[in-house]
>>> print(open('data08.txt').read())   # compact mmCIF, C-alpha atoms and all ligand atoms
# COMPACT_ATOMS: atom_id res chain seq x y z
CA MET I 1 47.19 -3.21 -13.84
CA LYS I 2 44.84 -6.10 -13.23
CA ILE I 3 41.09 -5.88 -13.70
CA THR I 4 38.69 -8.64 -12.68
CA VAL I 5 35.20 -8.48 -14.11
CA VAL I 6 32.25 -10.42 -12.76
CA ASN I 7 29.51 -10.30 -15.38
CA GLY I 8 26.10 -10.80 -13.78
CA THR I 9 24.69 -12.25 -17.00
CA GLU I 10 26.07 -14.40 -19.81
CA LYS I 11 24.02 -12.46 -22.34
CA ARG I 12 25.99 -10.19 -24.67
CA GLY I 13 23.36 -7.50 -24.31
CA ILE I 14 23.39 -3.92 -23.08
CA THR I 15 25.18 -4.68 -19.81
CA TYR I 16 27.92 -6.39 -21.78
CA LYS I 17 28.20 -3.50 -24.25
CA LEU I 18 28.46 -0.94 -21.45
CA LYS I 19 31.11 -2.99 -19.71
CA GLU I 20 33.11 -3.34 -22.95
CA ARG I 21 32.95 0.40 -23.45
CA PHE I 22 34.12 0.94 -19.86
CA LEU I 23 37.09 -1.42 -20.32
CA GLN I 24 38.21 0.25 -23.57
CA HIS I 25 39.47 3.20 -21.53
CA PHE I 26 42.11 1.08 -19.79
CA GLY I 27 44.18 0.34 -22.89
CA SER I 28 46.15 -2.75 -23.84
CA ASP I 29 48.31 -2.72 -20.68
CA ALA I 30 45.36 -3.80 -18.56
CA GLU I 31 45.33 -7.50 -17.76
CA ILE I 32 41.65 -8.38 -17.75
CA THR I 33 40.11 -11.56 -16.26
CA GLU I 34 36.42 -12.09 -16.80
CA PHE I 35 33.89 -14.35 -15.12
CA TYR I 36 30.38 -14.88 -16.44
CA LEU I 37 27.49 -15.81 -14.17
CA PRO I 38 25.90 -18.25 -13.73
CA ARG I 39 28.43 -20.20 -15.87
CA ASP I 40 31.40 -19.63 -13.56
CA CYS I 41 29.50 -20.15 -10.32
CA PRO I 42 26.38 -22.12 -11.22
CA ALA I 43 25.46 -23.26 -7.71
CA PHE I 44 23.44 -21.66 -4.93
CA CYS I 45 24.62 -21.36 -1.35
CA ALA I 46 22.96 -24.27 0.49
CA GLY I 47 23.06 -22.48 3.84
CA CYS I 48 25.19 -25.18 5.48
CA THR I 49 27.28 -22.41 7.18
CA SER I 50 30.35 -24.59 6.75
CA CYS I 51 32.34 -21.63 5.35
CA PHE I 52 31.71 -19.69 8.57
CA MET I 53 32.25 -22.60 10.95
CA ARG I 54 34.79 -24.90 9.36
CA GLY I 55 36.40 -22.84 6.59
CA GLU I 56 35.59 -21.75 3.06
CA GLU I 57 37.45 -24.73 1.58
CA THR I 58 34.72 -26.99 2.96
CA CYS I 59 32.04 -25.36 0.76
CA LYS I 60 30.54 -27.73 -1.83
CA ASP I 61 31.16 -24.96 -4.39
CA TYR I 62 34.70 -24.08 -3.26
CA GLU I 63 36.18 -24.80 -6.68
CA PHE I 64 34.03 -22.08 -8.30
CA VAL I 65 34.15 -19.60 -5.46
CA ASN I 66 37.89 -19.96 -4.94
CA ALA I 67 38.71 -19.35 -8.61
CA ILE I 68 36.75 -16.10 -8.54
CA GLU I 69 38.07 -15.05 -5.16
CA LYS I 70 41.72 -15.61 -6.13
CA SER I 71 41.24 -13.30 -9.08
CA LEU I 72 39.38 -10.68 -7.02
CA LEU I 73 42.18 -10.61 -4.47
CA GLN I 74 44.81 -10.07 -7.16
CA ALA I 75 42.84 -7.38 -8.98
CA ASP I 76 43.63 -3.66 -8.75
CA LEU I 77 40.13 -2.93 -9.96
CA ILE I 78 37.02 -5.08 -9.52
CA VAL I 79 34.11 -4.60 -11.91
CA VAL I 80 30.72 -6.19 -11.21
CA THR I 81 27.88 -5.83 -13.70
CA SER I 82 24.20 -6.73 -13.75
CA PRO I 83 21.01 -5.83 -15.58
CA ALA I 84 18.06 -5.15 -13.27
CA TYR I 85 15.84 -8.19 -12.83
CA VAL I 86 12.67 -7.47 -10.87
CA MET I 87 14.26 -4.32 -9.45
CA HIS I 88 17.40 -6.06 -8.20
CA ALA I 89 20.67 -7.65 -9.31
CA THR I 90 20.31 -10.94 -11.18
CA GLY I 91 19.84 -14.10 -9.16
CA ALA I 92 23.22 -15.28 -10.43
CA VAL I 93 24.91 -12.25 -8.83
CA LYS I 94 23.05 -12.81 -5.57
CA ALA I 95 24.05 -16.49 -5.59
CA LEU I 96 27.72 -15.50 -5.87
CA LEU I 97 27.47 -12.77 -3.22
CA ASP I 98 25.89 -15.28 -0.81
CA HIS I 99 28.94 -17.50 -1.26
CA PHE I 100 31.10 -14.60 -0.08
CA GLY I 101 29.12 -14.13 3.14
CA TYR I 102 32.11 -15.36 5.12
CA ARG I 103 34.15 -12.45 3.70
CA TRP I 104 31.87 -9.84 5.27
CA MET I 105 33.61 -7.69 7.85
CA PRO I 106 32.03 -9.30 10.96
CA HIS I 107 33.54 -12.61 9.81
CA ARG I 108 36.83 -12.96 7.91
CA PRO I 109 37.35 -9.98 5.58
CA ALA I 110 40.37 -10.14 3.28
CA GLU I 111 42.75 -7.32 4.14
CA GLU I 112 43.53 -6.78 0.46
CA MET I 113 39.98 -5.50 -0.04
CA PHE I 114 40.55 -2.44 2.15
CA GLY I 115 42.87 -0.94 -0.47
CA LYS I 116 40.92 -1.83 -3.59
CA ARG I 117 38.72 0.05 -6.02
CA ALA I 118 35.55 -1.31 -7.56
CA VAL I 119 33.03 -0.28 -10.17
CA VAL I 120 29.43 -1.47 -10.37
CA ILE I 121 27.63 -1.29 -13.71
CA THR I 122 23.86 -1.85 -13.77
CA GLN I 123 21.14 -0.86 -16.19
CA CYS I 124 17.48 -1.46 -16.84
CA PHE I 125 14.60 -0.59 -19.11
CA GLY I 126 12.50 1.41 -16.64
CA ALA I 127 13.37 1.24 -12.96
CA GLY I 128 15.58 -0.97 -10.84
CA ALA I 129 19.14 -0.14 -11.89
CA LYS I 130 19.75 1.84 -8.71
CA SER I 131 18.51 -0.91 -6.40
CA ALA I 132 20.45 -3.51 -8.42
CA ALA I 133 23.63 -1.44 -7.95
CA LYS I 134 22.85 -1.10 -4.25
CA ASP I 135 22.63 -4.90 -3.91
CA ILE I 136 26.17 -5.22 -5.21
CA ARG I 137 27.66 -2.16 -3.46
CA HIS I 138 26.31 -3.45 -0.16
CA SER I 139 28.43 -6.60 -0.34
CA LEU I 140 31.51 -4.85 -1.76
CA SER I 141 31.48 -2.27 1.03
CA TRP I 142 31.12 -4.97 3.70
CA TRP I 143 34.05 -6.81 2.11
CA GLY I 144 36.02 -3.67 3.04
CA ILE I 145 36.16 -1.80 -0.27
CA SER I 146 35.94 1.97 0.23
CA ARG I 147 36.21 3.34 -3.28
CA ILE I 148 33.22 2.16 -5.34
CA GLY I 149 32.10 3.88 -8.54
CA THR I 150 28.64 3.26 -9.96
CA PHE I 151 26.92 3.43 -13.32
CA ASP I 152 23.17 2.82 -13.11
CA GLY I 153 21.51 3.58 -16.41
CA ALA I 154 17.81 3.51 -17.26
CA LEU I 155 15.82 3.51 -20.52
CA MET I 156 17.89 0.73 -21.98
CA SER I 157 16.85 -2.45 -23.74
CA ASP I 158 18.11 -4.37 -26.75
CA ILE I 159 15.34 -3.08 -29.02
CA VAL I 160 15.85 0.56 -28.07
CA TRP I 161 19.64 0.26 -28.14
CA ASN I 162 19.87 -1.47 -31.50
CA ASN I 163 17.64 1.10 -33.15
CA LEU I 164 19.40 4.12 -31.82
CA PRO I 165 21.42 6.26 -34.22
CA GLU I 166 25.13 6.22 -33.32
CA LYS I 167 24.95 9.85 -32.21
CA LYS I 168 22.24 9.13 -29.66
CA ARG I 169 24.02 5.98 -28.47
CA LYS I 170 27.13 8.08 -27.83
CA LYS I 171 25.09 10.45 -25.69
CA LEU I 172 23.80 7.56 -23.59
CA THR I 173 27.29 6.21 -23.09
CA LYS I 174 28.76 9.57 -22.07
CA LYS I 175 28.12 8.73 -18.43
CA ILE I 176 29.99 5.43 -18.59
CA ASP I 177 32.88 7.13 -20.40
CA LYS I 178 33.10 9.70 -17.62
CA LEU I 179 33.23 6.99 -14.97
CA ALA I 180 35.80 5.02 -16.97
CA ARG I 181 38.07 8.06 -17.42
CA LYS I 182 37.88 8.71 -13.68
CA PHE I 183 38.96 5.17 -12.85
CA ALA I 184 41.56 4.95 -15.66
CA ARG I 185 43.36 8.03 -14.25
CA ILE I 186 44.00 6.38 -10.88
CA ASP I 187 47.53 5.42 -9.90
CA TYR I 188 46.96 1.75 -9.05
CA SER I 189 50.42 1.31 -7.57
CA LYS I 190 49.00 3.00 -4.47
CA PRO I 191 46.14 1.44 -2.45
CA ALA I 192 42.87 3.33 -2.15
CA ARG I 193 42.36 5.39 0.98
CA THR I 194 40.12 3.58 3.45
CA LYS I 195 37.16 5.86 4.16
CA PRO I 196 36.05 6.76 7.72
CA ILE I 197 32.75 4.85 7.30
CA THR I 198 34.69 1.65 6.54
CA LYS I 199 36.86 2.24 9.60
CA ILE I 200 33.74 2.72 11.76
CA LYS I 201 32.23 -0.54 10.46
CA PHE I 202 35.53 -2.28 11.16
CA ARG I 203 35.62 -0.85 14.70
CA LEU I 204 32.11 -2.19 15.39
CA CYS I 205 33.06 -5.65 14.12
CA ARG I 206 36.21 -5.51 16.22
CA MET I 207 34.14 -4.79 19.34
CA ILE I 208 31.98 -7.84 18.60
CA GLN I 209 35.05 -10.01 18.01
CA LYS I 210 36.65 -8.78 21.24
CA ARG I 211 33.49 -9.66 23.16
CA ILE I 212 33.36 -13.14 21.61
CA ARG I 213 37.03 -13.65 22.48
CA LYS I 214 36.39 -12.58 26.07
CA SER I 215 33.48 -15.00 26.40
CA GLY I 216 35.84 -17.83 25.55
CA VAL I 217 33.78 -19.15 22.62
CA ALA I 218 36.20 -20.63 20.08
CA SER I 219 35.48 -19.78 16.47
CA LEU I 220 37.27 -19.60 13.15
CA ASP I 221 36.38 -15.91 12.81
CA SER I 222 37.78 -15.12 16.23
CA GLU I 223 41.05 -16.96 15.50
CA TYR I 224 41.29 -15.12 12.18
CA TRP I 225 40.95 -11.70 13.85
CA ARG I 226 43.51 -12.65 16.50
CA GLY I 227 45.92 -13.99 13.87
CA LYS I 228 45.70 -10.76 11.86
CA GLY I 229 46.49 -8.77 15.00
CA TRP I 230 43.26 -6.78 14.52
CA LEU I 231 42.25 -7.33 18.14
CA ASP I 232 45.48 -5.50 19.02
CA ARG I 233 46.89 -2.54 17.09
CA ASN I 234 47.04 -3.89 13.53
CA ARG I 235 44.53 -2.61 10.99
CA PRO I 236 43.92 -4.01 7.48
CA TRP I 237 44.46 -0.59 5.85
CA LYS I 238 47.85 -0.14 7.57
CA LYS I 239 49.40 -3.46 6.65
CA ARG I 240 50.17 -2.90 2.99
CA GLY I 241 53.52 -3.41 1.38
C1 LIG B 301 13.61 -11.50 -15.54
C2 LIG B 301 13.74 -10.08 -15.95
C3 LIG B 301 13.36 -9.09 -15.06
C4 LIG B 301 13.46 -7.75 -15.41
N1 LIG B 301 13.12 -6.80 -14.49
C5 LIG B 301 13.24 -5.49 -14.82
C6 LIG B 301 12.93 -4.47 -13.86
O1 LIG B 301 12.58 -4.72 -12.71
N2 LIG B 301 13.04 -3.18 -14.25
C7 LIG B 301 13.42 -2.83 -15.52
O2 LIG B 301 13.48 -1.66 -15.80
N3 LIG B 301 13.76 -3.77 -16.43
C8 LIG B 301 13.68 -5.08 -16.12
N4 LIG B 301 14.03 -6.04 -17.03
C9 LIG B 301 14.55 -5.59 -18.32
C10 LIG B 301 16.08 -5.55 -18.35
O3 LIG B 301 16.64 -5.01 -17.20
C11 LIG B 301 16.54 -4.69 -19.53
O4 LIG B 301 15.94 -5.12 -20.71
C12 LIG B 301 18.04 -4.71 -19.68
O5 LIG B 301 18.40 -3.75 -20.63
C13 LIG B 301 18.57 -6.09 -20.13
O6 LIG B 301 19.98 -6.06 -20.11
P1 LIG B 301 20.88 -7.07 -20.96
O7 LIG B 301 20.70 -6.69 -22.41
O8 LIG B 301 22.27 -6.85 -20.53
O9 LIG B 301 20.38 -8.43 -20.66
C14 LIG B 301 13.94 -7.38 -16.70
C15 LIG B 301 14.33 -8.41 -17.59
C16 LIG B 301 14.24 -9.72 -17.23
C17 LIG B 301 14.70 -10.79 -18.18
>>> encode(input="data08.txt", output="C-alpha cells")
Amino acid sequence: MKITVVNGTEKRGITYKLKERFLQHFGSDAEITEFYLPRDCPAFCAGCTSCFMRGEETCKDYEFVNAIEKSLLQADLIVVTSPAYVMHATGAVKALLDHFGYRWMPHRPAEEMFGKRAVVITQCFGAGAKSAAKDIRHSLSWWGISRIGTFDGALMSDIVWNNLPEKKRKKLTKKIDKLARKFARIDYSKPARTKPITKIKFRLCRMIQKRIRKSGVASLDSEYWRGKGWLDRNRPWKKRG
C-alpha cells in the first residue's frame, strides 16, 4: 500500500515522533512518501484565482503543488500532521491547503479522493489540537474524503516529552497506537465507502453546477463537471476500477 504524509512542520519534535509511531504499524510493505512543510511548498497562494479560472497548471507554485498532489492521488492513505500554533494548524499547512482550493467539491474535486482514507495527527501543549485538526479535516472532507481518522493530543511539548519515563510515554502514545491499528487493518484494495454527508455535499455542488451550466456561463469548473458526467448519472464514488 501507498502512504503519503504531509508533515505540517519540518521540526523533528513531538508531531514527528507521533507520526513515526503511527507509521510503524504499517510494516515494511508500506511505500511511504513524505513531504515536509514549508520546505516542499514554501510559497503562499497569491489569490490570483488562476487555478480556478485558467487551470491549476497556471499557478506560480504549480511545481510544488503538483508534486504533492500527484502523490496524494496515488496514495491509499493520506496522513497530514501539525502541531497547534495559536490554536490552529501551522501557517505552512494553511498555505498548502489554500493551494488546493480548486480541488474543493464546488470546483474540480478529484474523483480518486472519494474512495480514500486519511488520518490527521495534531498535538499541542495546552489547547488547540482539536481546532488544528478541524482546520485540516475541513479541507480533506471538501476534497471528497469520507473516512478521516484523527489524533489530537494535548499536554505535549518537547520538555515534557523528553523527561517522561518510557512507561508514561507509552501511556500517552496508546491513543495513536489504537488509531494506527485501526487504519493498518483496512483492506486498501477496496475503496472507502463514501458517506451520506459527502454525497449530500456533492449533490449541493451538483445543483450549483447545473444552474451555472443552464445560465450559459462558460467556466473550467463547469466543463470539468460535464466531462466527468457528474451533471448526468455518473458519480465519483461509482466510477472506480
Ligand atoms: C508559534 C507557536 C504557537 C503555539 N501555539 C500553541 C497553542 O495555541 N496552544 C498550545 O497548546 N500550544 C501551542 N504551541 C506549543 C506547541 O503546539 C507544542 O509545544 C507542540 O508540542 C510542538 O510540537 P512539535 O514538537 O512537533 O513542534 C505553540 C508553539 C508555537 C511555536
>>> residues_around(input="data08.txt", residues="I:Ser28", least_positions_apart="3", cutoff="12 Å", atoms="all atoms listed in the file", output="list of chain:residue names")
I:Met1, I:Lys2, I:Ile3, I:Leu23, I:Gln24, I:His25, I:Glu31, I:Ile32
>>> residues_around(input="data08.txt", residues="stretch 219-228 of chain I", least_positions_apart="6", cutoff="9 Å", atoms="only C-alpha atoms", output="PDB file with C-alpha atoms, keeping the file's coordinate frame")
ATOM      1  CA  PHE I  52      31.710 -19.690   8.570  1.00  0.00           C
ATOM      2  CA  MET I  53      32.250 -22.600  10.950  1.00  0.00           C
ATOM      3  CA  ARG I  54      34.790 -24.900   9.360  1.00  0.00           C
ATOM      4  CA  GLY I  55      36.400 -22.840   6.590  1.00  0.00           C
ATOM      5  CA  TYR I 102      32.110 -15.360   5.120  1.00  0.00           C
ATOM      6  CA  PRO I 106      32.030  -9.300  10.960  1.00  0.00           C
ATOM      7  CA  HIS I 107      33.540 -12.610   9.810  1.00  0.00           C
ATOM      8  CA  ARG I 108      36.830 -12.960   7.910  1.00  0.00           C
ATOM      9  CA  GLU I 111      42.750  -7.320   4.140  1.00  0.00           C
ATOM     10  CA  ARG I 206      36.210  -5.510  16.220  1.00  0.00           C
ATOM     11  CA  GLN I 209      35.050 -10.010  18.010  1.00  0.00           C
ATOM     12  CA  LYS I 210      36.650  -8.780  21.240  1.00  0.00           C
ATOM     13  CA  ILE I 212      33.360 -13.140  21.610  1.00  0.00           C
ATOM     14  CA  ARG I 213      37.030 -13.650  22.480  1.00  0.00           C
ATOM     15  CA  ASN I 234      47.040  -3.890  13.530  1.00  0.00           C
ATOM     16  CA  ARG I 235      44.530  -2.610  10.990  1.00  0.00           C
ATOM     17  CA  PRO I 236      43.920  -4.010   7.480  1.00  0.00           C
TER      18      PRO I 236
END
>>> closest_atom_pairs(input="data08.txt", of="chain I", to="ligand LIG 301 (chain B)", cutoff="12 Å", atoms="all atoms listed in the file", output="Markdown table")
| residue | atom | partner | partner_atom | distance |
| --- | --- | --- | --- | --- |
| I:Asn7 | CA | B:LIG301 | O8 | 9.5 |
| I:Gly8 | CA | B:LIG301 | O8 | 8.7 |
| I:Thr9 | CA | B:LIG301 | O9 | 6.8 |
| I:Glu10 | CA | B:LIG301 | O9 | 8.3 |
| I:Lys11 | CA | B:LIG301 | O9 | 5.7 |
| I:Arg12 | CA | B:LIG301 | O8 | 6.5 |
| I:Gly13 | CA | B:LIG301 | O7 | 3.4 |
| I:Ile14 | CA | B:LIG301 | O7 | 3.9 |
| I:Thr15 | CA | B:LIG301 | O8 | 3.7 |
| I:Tyr16 | CA | B:LIG301 | O8 | 5.8 |
| I:Lys17 | CA | B:LIG301 | O8 | 7.8 |
| I:Leu18 | CA | B:LIG301 | O8 | 8.6 |
| I:Lys19 | CA | B:LIG301 | O8 | 9.7 |
| I:Glu20 | CA | B:LIG301 | O8 | 11.6 |
| I:Thr81 | CA | B:LIG301 | O8 | 8.9 |
| I:Ser82 | CA | B:LIG301 | O8 | 7.1 |
| I:Pro83 | CA | B:LIG301 | O6 | 4.7 |
| I:Ala84 | CA | B:LIG301 | O3 | 4.2 |
| I:Tyr85 | CA | B:LIG301 | C3 | 3.5 |
| I:Val86 | CA | B:LIG301 | O1 | 3.3 |
| I:Met87 | CA | B:LIG301 | O1 | 3.7 |
| I:His88 | CA | B:LIG301 | O1 | 6.7 |
| I:Ala89 | CA | B:LIG301 | N1 | 9.2 |
| I:Thr90 | CA | B:LIG301 | C1 | 8.0 |
| I:Gly91 | CA | B:LIG301 | C1 | 9.3 |
| I:Ala92 | CA | B:LIG301 | C1 | 11.5 |
| I:Ile121 | CA | B:LIG301 | O8 | 10.3 |
| I:Thr122 | CA | B:LIG301 | O6 | 8.5 |
| I:Gln123 | CA | B:LIG301 | O5 | 6.0 |
| I:Cys124 | CA | B:LIG301 | O3 | 3.7 |
| I:Phe125 | CA | B:LIG301 | O2 | 3.7 |
| I:Gly126 | CA | B:LIG301 | O2 | 3.3 |
| I:Ala127 | CA | B:LIG301 | O2 | 4.1 |
| I:Gly128 | CA | B:LIG301 | N2 | 4.8 |
| I:Ala129 | CA | B:LIG301 | O2 | 7.0 |
| I:Lys130 | CA | B:LIG301 | N2 | 10.0 |
| I:Ser131 | CA | B:LIG301 | O1 | 9.5 |
| I:Ala132 | CA | B:LIG301 | O1 | 9.0 |
| I:Asp152 | CA | B:LIG301 | O3 | 11.0 |
| I:Gly153 | CA | B:LIG301 | O5 | 9.0 |
| I:Ala154 | CA | B:LIG301 | O2 | 6.9 |
| I:Leu155 | CA | B:LIG301 | O2 | 7.4 |
| I:Met156 | CA | B:LIG301 | O5 | 4.7 |
| I:Ser157 | CA | B:LIG301 | O5 | 3.7 |
| I:Asp158 | CA | B:LIG301 | O7 | 5.6 |
| I:Ile159 | CA | B:LIG301 | O4 | 8.6 |
| I:Val160 | CA | B:LIG301 | O5 | 9.0 |
| I:Trp161 | CA | B:LIG301 | O5 | 8.6 |
| I:Asn162 | CA | B:LIG301 | O7 | 10.5 |
>>> residues_near_point(input="data08.txt", point="(36.4, -4.2, 0.8)", cutoff="9 Å", atoms="all atoms listed in the file", output="VMD selection string")
chain I and resid 104 to 105 109 to 118 139 to 147 198
>>> closest_residue(input="data08.txt", among="I:Val6, I:Leu37, I:Thr150, I:Arg233", to="I:Leu179", atoms="only C-alpha atoms")
I:Thr150
>>> closest_residue(input="data08.txt", among="I:Phe22, I:Gly101, I:Glu63, I:Gln74", to="I:Cys48", atoms="all atoms listed in the file")
I:Gly101
>>> closest_residue(input="data08.txt", among="I:Glu69, I:Asp187, I:Asp232, I:Asp61", to="I:Met207", atoms="all atoms listed in the file")
I:Asp232
>>> atom_distance(input="data08.txt", atom1="atom CA of I:Asp135", atom2="atom CA of I:Leu72")
18.0 Å
>>> closest_residue(input="data08.txt", among="I:Thr4, I:Tyr36, I:Phe26, I:Leu231", to="I:Arg185", atoms="all atoms listed in the file")
I:Phe26
>>> atom_distance(input="data08.txt", atom1="atom CA of I:Asp29", atom2="atom CA of I:Lys175")
23.3 Å
>>> atom_distance(input="data08.txt", atom1="atom CA of I:Cys59", atom2="atom CA of I:His99")
8.7 Å
>>> closest_residue(input="data08.txt", among="I:Leu73, I:Leu96, I:Val79, I:Lys167", to="I:Pro42", atoms="all atoms listed in the file")
I:Leu96
>>> closest_residue(input="data08.txt", among="I:Phe64, I:Phe202, I:Trp230, I:Phe151", to="I:Phe44", atoms="all atoms listed in the file")
I:Phe64
>>> build_atoms(input="data08.txt", residues="stretch 51-78 of chain I", atoms="N, CA and C atoms", output="compact mmCIF listing (two decimals), in the coordinates of the input")
# COMPACT_ATOMS: atom_id res chain seq x y z
N CYS I 51 31.29 -22.64 5.61
CA CYS I 51 32.34 -21.63 5.35
C CYS I 51 32.60 -20.82 6.61
N PHE I 52 31.54 -20.47 7.34
CA PHE I 52 31.71 -19.69 8.57
C PHE I 52 32.37 -20.54 9.66
N MET I 53 31.87 -21.77 9.80
CA MET I 53 32.25 -22.60 10.95
C MET I 53 33.53 -23.40 10.75
N ARG I 54 33.66 -23.97 9.55
CA ARG I 54 34.79 -24.90 9.36
C ARG I 54 35.80 -24.43 8.31
N GLY I 55 35.47 -23.36 7.60
CA GLY I 55 36.40 -22.84 6.59
C GLY I 55 35.81 -22.88 5.21
N GLU I 56 36.17 -21.89 4.40
CA GLU I 56 35.59 -21.75 3.06
C GLU I 56 35.91 -22.92 2.15
N GLU I 57 37.05 -23.60 2.43
CA GLU I 57 37.45 -24.73 1.58
C GLU I 57 36.53 -25.93 1.75
N THR I 58 35.66 -25.89 2.76
CA THR I 58 34.72 -26.99 2.96
C THR I 58 33.40 -26.78 2.20
N CYS I 59 33.27 -25.66 1.53
CA CYS I 59 32.04 -25.36 0.76
C CYS I 59 31.95 -26.33 -0.41
N LYS I 60 30.75 -26.81 -0.70
CA LYS I 60 30.54 -27.73 -1.83
C LYS I 60 30.90 -27.06 -3.16
N ASP I 61 30.88 -25.71 -3.16
CA ASP I 61 31.16 -24.96 -4.39
C ASP I 61 32.53 -24.27 -4.35
N TYR I 62 33.40 -24.74 -3.47
CA TYR I 62 34.70 -24.08 -3.26
C TYR I 62 35.47 -23.87 -4.56
N GLU I 63 35.44 -24.86 -5.41
CA GLU I 63 36.18 -24.80 -6.68
C GLU I 63 35.80 -23.55 -7.48
N PHE I 64 34.51 -23.26 -7.56
CA PHE I 64 34.03 -22.08 -8.30
C PHE I 64 34.36 -20.79 -7.55
N VAL I 65 34.02 -20.81 -6.27
CA VAL I 65 34.15 -19.60 -5.46
C VAL I 65 35.63 -19.21 -5.32
N ASN I 66 36.47 -20.21 -5.12
CA ASN I 66 37.89 -19.96 -4.94
C ASN I 66 38.54 -19.36 -6.19
N ALA I 67 38.14 -19.87 -7.35
CA ALA I 67 38.71 -19.35 -8.61
C ALA I 67 38.38 -17.87 -8.76
N ILE I 68 37.16 -17.52 -8.42
CA ILE I 68 36.75 -16.10 -8.54
C ILE I 68 37.44 -15.27 -7.45
N GLU I 69 37.47 -15.81 -6.25
CA GLU I 69 38.07 -15.05 -5.16
C GLU I 69 39.57 -14.78 -5.40
N LYS I 70 40.29 -15.76 -5.86
CA LYS I 70 41.72 -15.61 -6.13
C LYS I 70 41.94 -14.41 -7.06
N SER I 71 41.13 -14.37 -8.10
CA SER I 71 41.24 -13.30 -9.08
C SER I 71 40.85 -11.95 -8.48
N LEU I 72 39.80 -11.94 -7.66
CA LEU I 72 39.38 -10.68 -7.02
C LEU I 72 40.47 -10.14 -6.12
N LEU I 73 41.14 -11.05 -5.41
CA LEU I 73 42.18 -10.61 -4.47
C LEU I 73 43.41 -10.07 -5.19
N GLN I 74 43.64 -10.55 -6.41
CA GLN I 74 44.81 -10.07 -7.16
C GLN I 74 44.51 -8.80 -7.95
N ALA I 75 43.23 -8.50 -8.11
CA ALA I 75 42.84 -7.38 -8.98
C ALA I 75 43.13 -6.02 -8.34
N ASP I 76 43.52 -5.06 -9.21
CA ASP I 76 43.63 -3.66 -8.75
C ASP I 76 42.26 -3.01 -8.81
N LEU I 77 41.48 -3.47 -9.79
CA LEU I 77 40.13 -2.93 -9.96
C LEU I 77 39.15 -4.09 -10.17
N ILE I 78 38.07 -4.06 -9.39
CA ILE I 78 37.02 -5.08 -9.52
C ILE I 78 35.82 -4.44 -10.21
